[in-house]
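**Student:** This is work_21.txt, which holds compact mmCIF, C-alpha atoms:
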# COMPACT_ATOMS: atom_id res chain seq x y z
CA MET S 1 0.00 0.00 0.00
CA THR S 2 3.02 2.31 0.49
CA THR S 3 4.39 3.99 -2.63
CA ARG S 4 7.96 5.31 -2.67
CA ILE S 5 8.92 8.51 -4.49
CA PRO S 6 12.64 8.15 -5.32
CA PRO S 7 15.02 10.98 -4.35
CA ARG S 8 14.71 14.11 -6.55
CA SER S 9 11.57 12.95 -8.39
CA GLY S 10 7.81 13.50 -8.40
CA ILE S 11 4.48 11.85 -9.12
CA ALA S 12 0.84 12.78 -9.76
CA PHE S 13 -2.25 10.77 -8.82
CA PRO S 14 -5.98 11.23 -8.10
CA LEU S 15 -7.23 11.47 -4.52
CA LEU S 16 -10.99 11.12 -4.29
CA ALA S 17 -13.28 12.90 -1.83
CA GLY S 18 -13.12 11.11 1.51
CA GLN S 19 -9.81 9.35 0.84
CA SER S 20 -6.80 10.09 3.01
CA LEU S 21 -3.26 10.82 1.89
CA THR S 22 -0.50 9.99 4.37
CA VAL S 23 2.93 11.40 3.53
CA ILE S 24 5.84 9.73 5.33
CA ASP S 25 9.43 10.89 5.73
CA PRO S 26 11.05 7.43 5.85
CA GLU S 27 14.60 8.53 6.71
CA GLY S 28 13.92 11.92 8.36
CA THR S 29 14.89 15.50 7.41
CA GLN S 30 13.30 15.45 3.94
CA VAL S 31 10.77 17.74 2.24
CA SER S 32 7.85 16.86 -0.03
CA ASP S 33 6.29 19.61 -2.17
CA MET S 34 2.56 19.09 -2.70
CA VAL S 35 0.14 20.74 -5.12
CA ALA S 36 -3.55 19.94 -5.61
CA TYR S 37 -6.10 20.61 -8.37
CA ALA S 38 -9.79 19.89 -8.67
CA LEU S 39 -9.89 16.59 -10.58
CA GLY S 40 -11.15 17.28 -14.10
CA ASP S 41 -11.30 21.08 -13.62
CA THR S 42 -7.69 22.04 -13.09
CA GLY S 43 -8.29 25.79 -13.13
CA GLU S 44 -9.15 25.24 -9.47
CA VAL S 45 -5.89 24.90 -7.57
CA ILE S 46 -4.51 24.97 -4.04
CA SER S 47 -3.88 28.56 -2.90
CA ASN S 48 -1.58 29.71 -0.11
CA GLY S 49 -3.26 33.14 -0.07
CA ARG S 50 -6.81 31.78 0.32
CA THR S 51 -5.58 29.31 2.95
CA PHE S 52 -3.83 32.04 4.97
CA ASP S 53 -6.98 34.15 4.68
CA TYR S 54 -9.42 31.57 5.99
CA GLU S 55 -7.15 29.80 8.49
CA GLU S 56 -5.74 33.12 9.80
CA THR S 57 -2.26 31.62 10.16
CA ILE S 58 0.73 30.85 7.93
CA LEU S 59 1.57 27.68 9.92
CA LEU S 60 -0.84 24.89 9.04
CA THR S 61 -1.14 21.78 11.19
CA THR S 62 -3.74 19.37 12.61
CA GLY S 63 -7.27 20.70 12.23
CA ALA S 64 -6.44 23.19 9.47
CA PHE S 65 -7.86 23.07 5.96
CA LEU S 66 -5.99 23.76 2.73
CA TRP S 67 -8.17 25.90 0.45
CA SER S 68 -8.43 26.43 -3.30
CA ASN S 69 -8.32 29.65 -5.31
CA ARG S 70 -12.14 29.30 -5.56
CA SER S 71 -12.53 29.41 -1.76
CA ARG S 72 -13.26 25.69 -1.46
CA LYS S 73 -11.77 23.36 1.13
CA MET S 74 -9.50 20.83 -0.63
CA LEU S 75 -7.80 18.95 2.23
CA GLU S 76 -8.04 18.73 6.00
CA ILE S 77 -4.90 18.00 8.03
CA GLU S 78 -6.04 15.22 10.38
CA HIS S 79 -2.74 14.10 11.88
CA ASP S 80 0.69 15.73 11.97
CA ASP S 81 3.77 14.38 13.75
CA VAL S 82 5.95 17.36 12.86
CA GLY S 83 3.83 20.52 13.02
CA ARG S 84 6.16 22.51 10.82
CA HIS S 85 5.52 22.91 7.10
CA ASP S 86 5.98 25.76 4.64
CA PHE S 87 3.39 27.41 2.41
CA LEU S 88 5.41 30.51 1.48
CA LEU S 89 7.89 29.27 -1.13
CA THR S 90 7.60 27.99 -4.67
CA PRO S 91 9.09 24.62 -5.69
CA CYS S 92 12.82 24.58 -6.41
CA SER S 93 13.50 24.80 -10.15
CA HIS S 94 16.18 25.18 -12.81
CA ASP S 95 16.12 28.92 -12.09
CA THR S 96 16.34 28.62 -8.31
CA PHE S 97 19.26 26.19 -8.61
CA THR S 98 21.08 28.69 -10.84
CA HIS S 99 20.30 31.51 -8.39
CA PHE S 100 21.08 29.85 -5.06
CA TYR S 101 23.68 27.22 -5.99
CA PRO S 102 25.73 28.75 -8.82
CA ASP S 103 28.64 26.37 -8.20
CA LYS S 104 26.60 23.17 -8.13
CA PRO S 105 25.03 21.06 -10.89
CA VAL S 106 21.67 22.46 -12.01
CA HIS S 107 18.59 20.25 -11.54
CA ARG S 108 15.04 20.71 -12.83
CA GLY S 109 13.97 20.52 -9.20
CA CYS S 110 10.55 19.90 -7.72
CA PHE S 111 9.12 22.38 -10.22
CA GLY S 112 10.41 20.39 -13.20
CA ASN S 113 9.40 17.11 -11.57
CA LEU S 114 5.87 18.39 -10.90
CA ALA S 115 5.60 19.79 -14.44
CA ALA S 116 6.56 16.40 -15.91
CA ALA S 117 4.19 14.49 -13.61
CA LEU S 118 1.26 16.86 -14.25
CA ALA S 119 1.71 17.22 -18.04
CA PRO S 120 -0.32 14.05 -18.82
CA TYR S 121 -3.26 15.71 -17.02
CA GLY S 122 -3.04 18.76 -19.28
CA ILE S 123 -1.48 21.01 -16.64
CA GLY S 124 1.27 23.34 -17.88
CA PRO S 125 4.18 24.77 -15.88
CA ASP S 126 2.47 28.18 -15.52
CA GLN S 127 -0.34 26.46 -13.59
CA ILE S 128 1.97 25.26 -10.81
CA PRO S 129 1.27 27.47 -7.78
CA THR S 130 3.15 28.04 -4.56
CA ALA S 131 3.23 24.50 -3.14
CA PHE S 132 2.37 23.22 0.33
CA ASN S 133 5.86 22.13 1.27
CA ILE S 134 5.42 19.25 3.70
CA PHE S 135 8.07 19.05 6.46
CA MET S 136 9.84 22.19 5.06
CA ASN S 137 11.14 24.40 7.87
CA VAL S 138 11.05 28.10 6.98
CA PRO S 139 11.05 30.36 10.05
CA VAL S 140 10.01 33.99 9.61
CA SER S 141 11.85 36.54 11.76
CA PRO S 142 10.11 39.57 13.30
CA THR S 143 11.58 41.69 10.45
CA GLY S 144 10.03 39.39 7.84
CA LYS S 145 13.30 37.69 6.86
CA ILE S 146 12.99 34.01 6.04
CA GLU S 147 15.48 31.17 6.32
CA VAL S 148 15.36 27.64 4.94
CA LEU S 149 16.47 25.29 7.72
CA PRO S 150 16.63 21.47 7.82
CA PRO S 151 13.23 19.88 8.46
CA LEU S 152 12.27 18.89 12.01
CA SER S 153 10.94 15.53 10.78
CA ARG S 154 12.49 12.33 12.10
CA ALA S 155 12.49 8.93 10.41
CA GLY S 156 8.95 7.63 10.15
CA ASP S 157 7.16 10.91 10.87
CA THR S 158 3.90 11.38 8.99
CA ILE S 159 1.20 13.88 8.07
CA ARG S 160 -2.28 12.64 7.11
CA MET S 161 -4.69 14.76 5.07
CA ARG S 162 -8.30 14.00 4.06
CA ALA S 163 -9.62 15.05 0.62
CA GLN S 164 -12.69 17.29 0.82
CA CYS S 165 -13.42 16.93 -2.91
CA ASP S 166 -12.03 14.92 -5.84
CA LEU S 167 -8.43 16.01 -6.35
CA LEU S 168 -5.41 15.56 -8.54
CA ILE S 169 -2.31 15.58 -6.32
CA GLY S 170 1.29 16.36 -7.34
CA LEU S 171 3.91 15.22 -4.83
CA THR S 172 7.72 15.21 -4.78
CA ALA S 173 10.79 14.07 -2.90
CA CYS S 174 12.59 17.40 -2.78
CA SER S 175 15.63 18.10 -4.94
CA ALA S 176 17.06 21.26 -3.34
CA TYR S 177 20.16 21.39 -1.16
CA ALA S 178 18.91 23.77 1.53
CA SER S 179 15.47 22.31 2.16
CA ASN S 180 16.70 18.88 3.26
CA GLY S 181 20.11 19.71 4.69
CA GLY S 182 21.91 18.60 1.53
CA SER S 183 20.88 14.95 1.68
CA PHE S 184 18.49 13.78 -1.01
CA LYS S 185 16.14 11.15 0.28
CA PRO S 186 12.93 9.41 -0.80
CA ILE S 187 9.40 10.18 0.35
CA ASP S 188 6.73 7.52 0.95
CA PHE S 189 2.96 7.94 0.75
CA ILE S 190 -0.21 5.96 1.27
CA VAL S 191 -3.65 6.59 -0.25
CA SER S 192 -6.42 4.98 1.79
CA ASP S 193 -10.21 4.83 1.91
CA ASP S 194 -9.99 4.76 5.72
CA MET D 1 -1.44 62.83 -14.89
CA THR D 2 -3.01 61.45 -11.69
CA THR D 3 -5.78 58.89 -12.15
CA ARG D 4 -8.26 58.23 -9.38
CA ILE D 5 -9.65 54.75 -8.64
CA PRO D 6 -13.03 55.33 -6.94
CA PRO D 7 -13.75 53.53 -3.64
CA ARG D 8 -14.43 49.78 -4.00
CA SER D 9 -13.42 49.61 -7.68
CA GLY D 10 -10.53 48.51 -9.87
CA ILE D 11 -8.74 49.18 -13.15
CA ALA D 12 -6.27 47.51 -15.53
CA PHE D 13 -3.65 49.23 -17.72
CA PRO D 14 -0.32 48.52 -19.45
CA LEU D 15 2.95 49.57 -17.80
CA LEU D 16 5.87 49.38 -20.20
CA ALA D 17 9.43 48.41 -19.35
CA GLY D 18 11.18 51.43 -17.80
CA GLN D 19 7.97 53.24 -16.82
CA SER D 20 7.23 53.92 -13.17
CA LEU D 21 3.97 53.36 -11.34
CA THR D 22 3.35 55.53 -8.30
CA VAL D 23 0.46 54.46 -6.08
CA ILE D 24 -0.84 57.14 -3.71
CA ASP D 25 -3.11 56.84 -0.68
CA PRO D 26 -4.79 60.26 -0.98
CA GLU D 27 -6.73 60.15 2.31
CA GLY D 28 -4.63 57.67 4.31
CA THR D 29 -5.38 54.21 5.77
CA GLN D 30 -6.44 52.61 2.48
CA VAL D 31 -5.26 49.47 0.67
CA SER D 32 -4.67 48.88 -3.04
CA ASP D 33 -4.43 45.29 -4.33
CA MET D 34 -2.04 44.97 -7.27
CA VAL D 35 -1.52 42.11 -9.73
CA ALA D 36 0.82 42.07 -12.73
CA TYR D 37 1.06 39.94 -15.89
CA ALA D 38 3.54 39.88 -18.75
CA LEU D 39 1.87 42.06 -21.39
CA GLY D 40 0.67 39.82 -24.22
CA ASP D 41 1.70 36.56 -22.45
CA THR D 42 -0.51 36.48 -19.42
CA GLY D 43 0.50 32.99 -18.30
CA GLU D 44 3.41 34.84 -16.68
CA VAL D 45 2.12 36.44 -13.50
CA ILE D 46 3.35 38.02 -10.29
CA SER D 47 4.17 35.35 -7.68
CA ASN D 48 4.42 35.78 -3.93
CA GLY D 49 6.24 32.46 -3.60
CA ARG D 50 8.94 33.28 -6.16
CA THR D 51 9.32 36.77 -4.65
CA PHE D 52 9.72 35.40 -1.10
CA ASP D 53 12.25 32.88 -2.46
CA TYR D 54 14.50 35.37 -4.22
CA GLU D 55 14.12 38.32 -1.84
CA GLU D 56 14.42 36.08 1.26
CA THR D 57 11.81 38.13 3.12
CA ILE D 58 8.02 38.39 3.25
CA LEU D 59 8.16 42.18 3.82
CA LEU D 60 8.95 43.96 0.56
CA THR D 61 10.05 47.59 0.51
CA THR D 62 12.54 49.93 -1.20
CA GLY D 63 15.16 48.02 -3.18
CA ALA D 64 13.18 44.79 -3.44
CA PHE D 65 11.96 43.26 -6.68
CA LEU D 66 8.60 41.62 -7.31
CA TRP D 67 9.11 38.42 -9.34
CA SER D 68 6.99 36.38 -11.72
CA ASN D 69 6.14 32.67 -11.65
CA ARG D 70 8.77 32.31 -14.41
CA SER D 71 11.53 33.68 -12.14
CA ARG D 72 11.69 37.04 -13.92
CA LYS D 73 11.86 40.43 -12.22
CA MET D 74 8.63 42.34 -12.92
CA LEU D 75 8.88 45.47 -10.74
CA GLU D 76 11.44 47.15 -8.52
CA ILE D 77 10.28 49.13 -5.49
CA GLU D 78 12.17 52.41 -5.81
CA HIS D 79 10.49 54.54 -3.17
CA ASP D 80 8.23 53.64 -0.26
CA ASP D 81 6.85 56.06 2.33
CA VAL D 82 5.12 53.35 4.35
CA GLY D 83 7.31 50.23 4.36
CA ARG D 84 4.46 47.91 5.23
CA HIS D 85 2.62 45.96 2.56
CA ASP D 86 1.15 42.47 2.42
CA PHE D 87 1.92 39.67 -0.04
CA LEU D 88 0.30 36.82 1.91
CA LEU D 89 -3.42 37.27 1.30
CA THR D 90 -5.68 36.95 -1.72
CA PRO D 91 -7.98 39.79 -2.80
CA CYS D 92 -11.25 40.12 -0.90
CA SER D 93 -14.12 38.52 -2.80
CA HIS D 94 -17.79 37.52 -2.67
CA ASP D 95 -16.69 34.43 -0.72
CA THR D 96 -14.48 36.27 1.78
CA PHE D 97 -17.26 38.79 2.47
CA THR D 98 -19.64 35.91 3.16
CA HIS D 99 -17.05 34.24 5.42
CA PHE D 100 -15.77 37.21 7.42
CA TYR D 101 -18.73 39.60 7.41
CA PRO D 102 -21.86 37.40 7.50
CA ASP D 103 -24.02 40.25 8.82
CA LYS D 104 -22.94 42.84 6.25
CA PRO D 105 -23.85 43.38 2.60
CA VAL D 106 -21.84 41.14 0.27
CA HIS D 107 -19.58 42.85 -2.28
CA ARG D 108 -17.66 41.35 -5.22
CA GLY D 109 -14.57 42.83 -3.62
CA CYS D 110 -11.14 43.45 -5.09
CA PHE D 111 -11.27 39.98 -6.64
CA GLY D 112 -14.45 40.77 -8.56
CA ASN D 113 -13.19 44.23 -9.48
CA LEU D 114 -9.90 42.79 -10.79
CA ALA D 115 -11.74 40.05 -12.70
CA ALA D 116 -13.94 42.66 -14.41
CA ALA D 117 -11.00 44.94 -15.22
CA LEU D 118 -8.82 42.09 -16.55
CA ALA D 119 -11.51 40.30 -18.58
CA PRO D 120 -11.00 42.52 -21.66
CA TYR D 121 -7.39 41.31 -21.72
CA GLY D 122 -8.48 37.67 -21.81
CA ILE D 123 -7.64 36.96 -18.17
CA GLY D 124 -10.12 34.79 -16.29
CA PRO D 125 -10.81 34.75 -12.52
CA ASP D 126 -8.75 31.58 -12.00
CA GLN D 127 -5.68 33.45 -13.24
CA ILE D 128 -5.81 36.02 -10.44
CA PRO D 129 -2.99 35.17 -8.01
CA THR D 130 -2.26 36.24 -4.47
CA ALA D 131 -1.96 40.02 -4.95
CA PHE D 132 0.70 42.43 -3.75
CA ASN D 133 -1.50 44.36 -1.33
CA ILE D 134 -0.07 47.85 -1.20
CA PHE D 135 -0.33 49.55 2.23
CA MET D 136 -2.03 46.45 3.71
CA ASN D 137 -0.88 45.80 7.28
CA VAL D 138 -0.80 42.10 8.14
CA PRO D 139 1.52 41.30 11.05
CA VAL D 140 2.59 37.69 11.57
CA SER D 141 2.99 36.57 15.19
CA PRO D 142 5.76 34.18 16.31
CA THR D 143 3.18 31.36 16.25
CA GLY D 144 2.30 32.12 12.62
CA LYS D 145 -1.06 33.76 13.40
CA ILE D 146 -1.94 36.70 11.17
CA GLU D 147 -4.08 39.76 11.78
CA VAL D 148 -5.42 42.35 9.37
CA LEU D 149 -4.85 45.77 10.94
CA PRO D 150 -5.50 49.28 9.58
CA PRO D 151 -2.77 50.43 7.17
CA LEU D 152 0.06 52.61 8.46
CA SER D 153 -0.26 54.93 5.44
CA ARG D 154 -1.08 58.60 6.01
CA ALA D 155 -2.73 60.97 3.54
CA GLY D 156 -0.42 61.48 0.57
CA ASP D 157 1.89 58.54 1.23
CA THR D 158 3.22 56.83 -1.89
CA ILE D 159 5.05 53.81 -3.23
CA ARG D 160 6.86 53.98 -6.58
CA MET D 161 7.70 50.88 -8.60
CA ARG D 162 9.65 50.57 -11.88
CA ALA D 163 8.60 48.05 -14.53
CA GLN D 164 11.40 45.63 -15.47
CA CYS D 165 9.51 44.33 -18.52
CA ASP D 166 6.25 45.16 -20.34
CA LEU D 167 3.40 44.54 -17.93
CA LEU D 168 -0.35 44.53 -17.60
CA ILE D 169 -1.26 45.89 -14.16
CA GLY D 170 -4.49 45.34 -12.22
CA LEU D 171 -5.04 47.81 -9.37
CA THR D 172 -7.86 48.43 -6.89
CA ALA D 173 -9.14 50.69 -4.15
CA CYS D 174 -9.90 48.02 -1.57
CA SER D 175 -13.45 46.99 -0.74
CA ALA D 176 -13.00 45.02 2.49
CA TYR D 177 -13.90 46.26 5.95
CA ALA D 178 -10.87 44.99 7.86
CA SER D 179 -8.11 46.04 5.49
CA ASN D 180 -8.87 49.75 5.60
CA GLY D 181 -10.38 50.11 9.06
CA GLY D 182 -13.94 50.10 7.69
CA SER D 183 -13.66 53.29 5.67
CA PHE D 184 -13.80 52.92 1.91
CA LYS D 185 -11.59 55.44 0.18
CA PRO D 186 -10.15 56.07 -3.28
CA ILE D 187 -6.63 55.29 -4.49
CA ASP D 188 -4.66 57.51 -6.89
CA PHE D 189 -1.91 56.45 -9.27
CA ILE D 190 0.51 57.97 -11.77
CA VAL D 191 2.21 56.24 -14.72
CA SER D 192 5.34 58.09 -15.80
CA ASP D 193 8.26 57.68 -18.21
CA ASP D 194 10.51 59.32 -15.61
For the file at hand, write its structure as structure tokens.
**Tutor:**
Amino acid sequence: MTTRIPPRSGIAFPLLAGQSLTVIDPEGTQVSDMVAYALGDTGEVISNGRTFDYEETILLTTGAFLWSNRSRKMLEIEHDDVGRHDFLLTPCSHDTFTHFYPDKPVHRGCFGNLAAALAPYGIGPDQIPTAFNIFMNVPVSPTGKIEVLPPLSRAGDTIRMRAQCDLLIGLTACSAYASNGGSFKPIDFIVSDD
Amino acid sequence: MTTRIPPRSGIAFPLLAGQSLTVIDPEGTQVSDMVAYALGDTGEVISNGRTFDYEETILLTTGAFLWSNRSRKMLEIEHDDVGRHDFLLTPCSHDTFTHFYPDKPVHRGCFGNLAAALAPYGIGPDQIPTAFNIFMNVPVSPTGKIEVLPPLSRAGDTIRMRAQCDLLIGLTACSAYASNGGSFKPIDFIVSDD
């Protein structure tokens, strides 16, 4: 029942209303970027701005909903071992690698991996929004400055979310150096009717 | 040369590379939601996530750039009397009025005003991103909680931004109760080659 996303790759799959998605960090200290679209009507997409509006916080954990650009609840966070995720930053990409790691090999990143995984569903790169970055640890200082620190997740930690409507999910095992402390690791997930 | 946006309305106009856009709060304590698209290629749009990534802060002021979803600089903030703007929240809308102000008359909000102003350019409602909310005052607490407080802008305060490429701008005089302390006011702006 557990599917593994290999290091520095991504996948897309449907998640039907009522199903749960459990994302697992099998080795610890890894990030998984997640995007969500209304299944069959992909102009409706997960929105950090609408979520911040309705949840009145930028830190989403157990009990919070993730909302769409059309003000509809997409997912409810039902269980969360870590309590620290990011919804501020866009997926790492060819351009962010060039910008932040000029001396390292360039990778298409989570953005490129999501674009490839979502293309068969007719979703183009411009339709990839700011992702919900599971386990990503991005503290905001009182002056507004942000830092990307290693995730707080330990081996086996999970987050479980329940679909509020029929969704298409994009999910990655993150490719960036900073977001996972420089160690590229897999991500596991489980889709369940329970 | 000064154009007035009446209270609770919006407008769209081109801003060419090298031109400046000055947004003025003529009476003080008012918000103006701004979105930007690449002129003639409106799949490229202003992105809070990309901007937070590259600027490494969520509080944008003089010297900062506003970036697109394609990792391109769209605008540079050249002058800023207020130093407090929001890039976390989506424009107020029919749905946010229903949610936050159930006892008050529903308005189409900045979202509806932007949608109407952008429609002639072929931009649909789903393409409206999280806006750069000029003068909007949204502090983030250490626990991540956000509040919408009255703007810090006083009568005559301005922000001036310089286009880094040819843009289509959407701009409003905000319609929500919380963002402007309950007083609906106009917004003025100037487009200049200087």
**Student:** Work out how far apart atom CA of Phe13 of chain S and atom CA of Thr62 of chain S are and give it in Å to one decimal.
**Tutor:**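 A separation of 23.1 Å between them.
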**Student:** At a cut-off of 9 Å, list the chain D residues touching chain S, using all atoms listed in the file, as JSON, numbers by chain.
**Tutor:** {"D": [43, 44, 45, 47, 48, 49, 50, 51, 52, 53, 54, 55, 56, 57, 58, 59, 60, 69, 70, 71, 87, 88, 89, 90, 91, 95, 96, 99, 100, 125, 126, 127, 128, 129, 130, 131, 140, 141, 142, 143, 144, 145, 146, 147]}
**Student:** Using only C-alpha atoms, pick whichever of D:His107, D:Leu118, D:Lys185, D:Ser153 has the shortest atom-to-atom distance to Pro14 of chain D.
**Tutor:**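 When distances to Pro14 of chain D are compared using only C-alpha atoms, the smallest one comes from D:Leu118.
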**Student:** Can you tell me, as a list in words, what residues are no more than 9 Å from Leu16 of chain D when counting all atoms listed in the file, ignoring any on the same chain fewer than 6 positions away?
**Tutor:**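 Surrounding residues, per the criterion: Leu39, Ala163, Gln164, Cys165, Asp166, Leu167, Leu168 and Asp193 of chain D.
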**Student:** Provide an axis-aligned box for all listed atoms of segment 111-121 of chain S, padding each side by 6 Å; report its centre and its edge lengths in Å to one decimal, as JSON.
**Tutor:**
{"center_x": 3.6, "center_y": 18.2, "center_z": -14.5, "size_x": 25.7, "size_y": 20.3, "size_z": 20.6}
**Student:** What's the separation between atom CA of Gly10 of chain S and atom CA of Asp194 of chain S, in Å to one decimal place?
**Tutor:** 24.3 Å
**Student:** Out of D:Pro150, D:Gly122, D:Gly109, D:Gly40, which residue has the shortest atom-to-atom distance to Cys174 of chain D when counting only C-alpha atoms?
**Tutor:**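 The answer is D:Gly109, which sits nearest to Cys174 of chain D.
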**Student:** Please measure the separation of atom CA of Val31 of chain S and atom CA of Val191 of chain S, giving the value in Å to one decimal.
**Tutor:** 18.4 Å
**Student:** Hey, what's within 7 Å of Thr22 of chain S if we count all atoms listed in the file and toss same-chain stuff fewer than 2 positions away? As number ranges by chain, please?
**Tutor:** S: 20, 24, 158-161, 189-191
**Student:** With N, CA and C atoms as the target, complete segment 90-110 of chain S and hand it back as a compact mmCIF listing (two decimals), in the coordinates of the input.
**Tutor:**
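Here's the written file out.txt:
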# COMPACT_ATOMS: atom_id res chain seq x y z
N THR S 90 7.89 28.76 -3.46
CA THR S 90 7.60 27.99 -4.67
C THR S 90 8.57 26.81 -4.78
N PRO S 91 8.20 25.78 -5.54
CA PRO S 91 9.09 24.62 -5.69
C PRO S 91 10.44 25.02 -6.30
N CYS S 92 11.49 24.37 -5.82
CA CYS S 92 12.82 24.58 -6.41
C CYS S 92 12.76 24.23 -7.90
N SER S 93 13.60 24.91 -8.69
CA SER S 93 13.50 24.80 -10.15
C SER S 93 14.86 25.02 -10.77
N HIS S 94 14.95 24.85 -12.07
CA HIS S 94 16.18 25.18 -12.81
C HIS S 94 16.67 26.57 -12.43
N ASP S 95 15.73 27.53 -12.38
CA ASP S 95 16.12 28.92 -12.09
C ASP S 95 16.55 29.11 -10.64
N THR S 96 15.91 28.45 -9.70
CA THR S 96 16.34 28.62 -8.31
C THR S 96 17.68 27.93 -8.07
N PHE S 97 17.93 26.81 -8.73
CA PHE S 97 19.26 26.19 -8.61
C PHE S 97 20.33 27.14 -9.12
N THR S 98 20.11 27.75 -10.27
CA THR S 98 21.08 28.69 -10.84
C THR S 98 21.31 29.86 -9.90
N HIS S 99 20.22 30.33 -9.27
CA HIS S 99 20.30 31.51 -8.39
C HIS S 99 21.01 31.19 -7.07
N PHE S 100 20.62 30.11 -6.43
CA PHE S 100 21.08 29.85 -5.06
C PHE S 100 22.33 28.97 -5.00
N TYR S 101 22.55 28.17 -6.03
CA TYR S 101 23.68 27.22 -5.99
C TYR S 101 24.49 27.35 -7.29
N PRO S 102 25.08 28.53 -7.52
CA PRO S 102 25.73 28.75 -8.82
C PRO S 102 26.90 27.81 -9.08
N ASP S 103 27.46 27.23 -8.02
CA ASP S 103 28.64 26.37 -8.20
C ASP S 103 28.28 24.89 -8.24
N LYS S 104 26.99 24.58 -8.18
CA LYS S 104 26.60 23.17 -8.13
C LYS S 104 25.85 22.78 -9.40
N PRO S 105 25.77 21.49 -9.70
CA PRO S 105 25.03 21.06 -10.89
C PRO S 105 23.57 21.53 -10.82
N VAL S 106 23.05 21.99 -11.96
CA VAL S 106 21.67 22.46 -12.01
C VAL S 106 20.74 21.26 -12.18
N HIS S 107 19.60 21.31 -11.49
CA HIS S 107 18.59 20.25 -11.54
C HIS S 107 17.25 20.89 -11.89
N ARG S 108 16.35 20.13 -12.52
CA ARG S 108 15.04 20.71 -12.83
C ARG S 108 14.19 20.91 -11.58
N GLY S 109 14.58 20.26 -10.49
CA GLY S 109 13.97 20.52 -9.20
C GLY S 109 12.56 20.00 -9.08
N CYS S 110 11.95 20.31 -7.94
CA CYS S 110 10.55 19.90 -7.72
C CYS S 110 9.63 20.51 -8.76
